[in-house]
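> Dumping the structure here so I can ask a few things about it.
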Amino acid sequence: MRKWIPIILVVVMAGWILSGLRQPPETGFHARDFGRLPVLMNGRFQPFDSVARNSLLQIRTKQTVPVEENGKTRTMTAMDWLLEVMMKPAQADERKIFRIDNNEVIGLLKLQDGQKFYSFTELQPQLDEIGKQADRIEKIESANRTAFESQLMKLYDMLNLYQRLQVSLKPPATDDFAAELEAYQKSLVPGIAAVNARDAGQKFDQDAFNTLLGLMGGYNTVAAFALPLTIPPADISLPRDDWQNIGTNLMQTARTGEFNPATKYYAEMVTAYRSGQPDEFNHIVGEYRAWLADRFAPQVKKANQEFFFSTMEPFYKATVIYVLALVLALLSWFNRSDWLRRSAFYLIGLAWVIHTTGLVFRMYLEGRPPVTNLYSSAIFIGWVAVILGMVLEKIYRDGIGCVVAAFAGFVTQIIAHNLALSGDTMEMMRAVLDTNFWLATHVVTVTLGYASTFVAGFLGIIYILRGLFTITLTAETAKSLARMVYGIVCFATLFSFVGTVLGGIWADQSWGRFWGWDPKENGALLIVLWNATILHARWGGLVRERGLMNLAVVGNIVTSWSWFGVNMLGIGLHSYGFTDAAFKWLMLFIGTQVSLIVLGLLPRKFWRSFQVRTPAQS
Amino acid sequence: MLHQLYRFFSSLKLTVACLVLGCVIVFWGTIAQVHLGLYRAQNEFFRSFLIYWHPAGTGFHVPIFPGGYFIGTVLLVNLFVAHFRYYQPGKRKIGILLIHLGIVLLLLGQMLTDFLSRESSLHLRIGETKNYTEADRAFELAVFDTTDKDSDKVVAIPCSLLVRRGEVSNLEMPFSVRVKTFYANSILDQQSQPGFEPVKTTTGLGAGIWWREEPRETDLNRMDMPSAIVEIVTSQGSLGTFLVSGWLDQPQSFAFNHHSYDLRLRQERYYMPFSLHLIEFRHDKYPGTDIPKNFSSRVRLQNLENGEDREVRIFMNNPLRYAGETFYQASFDPDDHGSVLQVVRNPSWLTPYLACVLVATGLVIQFLSHLIPFLKRRMAK
């Protein structure tokens, strides 16, 4: 029976993943259908659904909004939420979505304590105060801001994003947008005549003048603030990426007299949504999609693919399976039963397949090598570490590789998730980074170096914890751990060295300096130097098994500093990273690593595993 | 004694010590950049033999740690001696040998780069032609003899001489320049501001100008703007004191012995035997955003010496390499009508490429020569 457990587990989990691919049919307003429509934002085509997910993730740090209705809690998807924001802003204002954790900010804005999330309505009376504070904070470099200041600035940015989304599809005061567009169409000829007559100093029709200018005032607001570019060029001769927002497009209509069909479709959707007519809404979405499909097939396809990718949630699903595998693998150390270890191994294999699917899908969507920013570096580091762990498991079959793989897979996904909170993870590459050749060579090799150094460090942690607190670190296990660390450090040296030098060559190609002692370069160099130190210390007999493990754990500190720490210094040509909240986590991580090293240095008599060994064994 | 030295310099312990010290200064030098700026930290930590501590308020320089050159040199010596001591002919060590050969090449190449390379920049407005580049940080006092309308004779005095505040003379000049005051970084204003003093000169533009000495610039993107008061001293006595400054666009003029002269403190110039003319500058952004997609300059390269005359496009990651100089797209004017090219002359630019190939090959050989037998043994079990 036990023989079959691993297979059964994999089949069950695979079934769970596959079942997620089939979405239940939609009722009411077809938000998912709408969510697949392509728009242009952050310089790239994406589905409305991605705009919704990324915005809500930034504002609420989650991709859903729980709603209390008739005593029951219902979950709003990101797209449900964005539809409401864009089409029924007043209703959206009541949703508690703005996450504020800082007590000083809560105090300043006179908000109720004990809430994590606040609605726009609650924040509205304080907008002036927030703006005033932000004006001051903006002048401080982000690295020098206090926790209060950075949280307030974040809130300011979130409010800004939210308010811009609200005017992305309709002018603020508009109720029936479809009817308004008809009125606009009728008012154009007399209105423009009135404007011209007035400019010429002649008698003019005051009513026609007021009507036209009143409407255009609203469109002007949309033109200035709308975020996604929703209206494709109707003219075939224009470049395919010459999209506009709906306000700019309607302002242009005043000059050309021509209405873009997309504008009308969107206006009708707004009206149908606001008047509570789901059938009408769904029908127009379908018509617009058909109109687009003939003219913008590649953009529609791209949006559909990205939508599919987001709903598949490959990374989330892989994470769940990694956690399950981690538990089983850890149990196998104590229980020593092979079916636990094999179950973990197979599950990691399954999770890795999904992880890989996600990684490759992202590469395909972006048209880029795997690592383009910090977010994707976390995904990639995890992916490599899982492979290394599985290889170790395949060689040694002692459950250690499984723990490494599952833990690395799980932790890097958590890190990636938190990095995604800062916005679109598929943003466009700035000019100097816009080169697939160097992204594929330098960035990938350096990231391989990061991943392998972490794996070595994690093996060191396993050695220390098992040796100190359990009796499972037998002489044999200890010896294979030492071999693993040594092998992985060699591997890490190779990739971090080659990656670092390739980075220098890229720098030589792009600004004429092979080496500039820039923080990011130094971070990479530090990893190379550290790995070289470990190897030479071992060859020179300066360290043995335990020393090797401790040095490998130091490697974790070096790598985390190089991966995140240097981005926090806020200087140099490489500081395109981010970030401040991560600083706390980095310090915490370094703190734990230092404590582990201290534990690793404890005399042998404190190590439980060494106590139980016979003298001959140790 | 000699034997002990030999053992010391060939020991792996020394290697490890150097590597650890290397880690320390790389980390320290990176952190120090927050306060010192990249440029100064680079010079103090990496391009130095010793790292000094400057206790505040005293003029002391106390050496407290080995600098980059020191550690690099010891490592190089260690590497040579250790290879000499442990060298075994044969295929087994070929990987190790290649790795270390590459490292030597890399270290030497970088030291050569530090001494031989020269960075400057070339700022061109659209339609402009220049046959010289300007130093990024170094200024010079240019003395022009403008008597002949067709060609100026120039004597350039580098700032390193002005700093000493002495008297500079040159055979080409019938007078000498005496430096009265020199500020390596300064700010000028037409009104009195807190901390500003009036400029005290006797001749030329200077009256009504206020100035203040500024701390040296640490930001990589900004540079020091020096100013000075200089006196022109002839055999017949002084011609007066003049204000010269990186901030002044106009020259200070005076006449002597029927010759007319201009004085100007300007960025040091390096002349080239060819000229570049900016035809077009493009700054593309991603649609609907301010994210730069590409910067590119279309320039016309003219070399009168060999009659070469062609158009070149310089853009991100695609420099122009010509006559020992490399021109990189570095920056641009805010109005998009001008382009700034970074110009680097680095005779040893190829060394890292070679070093990378050597070390990578060595590492792969070394790695595989251990991994393959190990896997074979494992699989056989």
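Just remember, in the structure tokens the first chain shown is A, the second B, etc., residues are 1-based per chain, and ligands are 1-based in the order shown.
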Could the residues of chain A that have an atom at most 6 Å from chain B be listed as a Markdown table, each with its closest atom pair and the distance in Å to one decimal, counting only C-alpha atoms and ordered by chain and ascending residue number?

| residue | atom | partner | partner_atom | distance |
| --- | --- | --- | --- | --- |
| A:Gly43 | CA | B:Tyr286 | CA | 4.8 |
| A:Arg430 | CA | B:Pro292 | CA | 5.6 |
| A:Ala431 | CA | B:Lys293 | CA | 4.6 |
| A:Val432 | CA | B:Met316 | CA | 5.7 |
| A:Leu494 | CA | B:Leu363 | CA | 5.9 |
| A:Gln509 | CA | B:Asn317 | CA | 5.4 |
| A:Ser510 | CA | B:Asn317 | CA | 4.1 |
| A:Trp511 | CA | B:Tyr328 | CA | 5.7 |
| A:Pro519 | CA | B:Thr30 | CA | 5.6 |
| A:Leu526 | CA | B:Cys23 | CA | 5.7 |
| A:Thr533 | CA | B:Val16 | CA | 5.5 |
| A:Ala537 | CA | B:Val16 | CA | 6.0 |
| A:Gly540 | CA | B:Leu12 | CA | 5.3 |
> Quick one: everything within 12 Å of Glu94 of chain A, counting only C-alpha atoms, minus sequence neighbours fewer than 5 positions away in the same chain. Send it as a PyMOL selection string.
chain A and resi 65+67-68+81+84-85+88-89+117-124
> Can you tell me, as a PyMOL selection string, what residues are no more than 9 Å from Glu287 of chain A when counting only C-alpha atoms, ignoring any on the same chain fewer than 5 positions away?
chain A and resi 265+282+292
> Could you state the separation of atom CA of Met251 of chain A and atom CA of Arg36 of chain A in Å, given to one decimal place?
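Going from atom CA of Met251 of chain A over to atom CA of Arg36 of chain A, I get 26.6 Å.
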> Within 6 Å of segment 177-179 of chain B, counting only C-alpha atoms, which residues show up once you throw out same-chain ones fewer than 2 positions away? Write them as a ChimeraX atom specification, please.
/B:165-168,181,230-232
> Could you give me, as a list of chain:residue names, the residues within 7 Å of Asn185 of chain B, counting only C-alpha atoms and dropping anything in the same chain fewer than 2 positions from it?
B:Tyr183, B:Glu213, B:Glu214, B:Pro215, B:Arg216, B:Asp224, B:Met225, B:Pro226
> Would you kindly return, as JSON, numbers by chain, each protein, DNA or RNA residue with an atom no farther than 12 Å from any atom of Glu129 of chain A, considering only C-alpha atoms and excluding same-chain residues fewer than 6 positions away?
{"A": [105, 108, 109, 110, 123, 135, 136, 152, 153, 155, 156]}
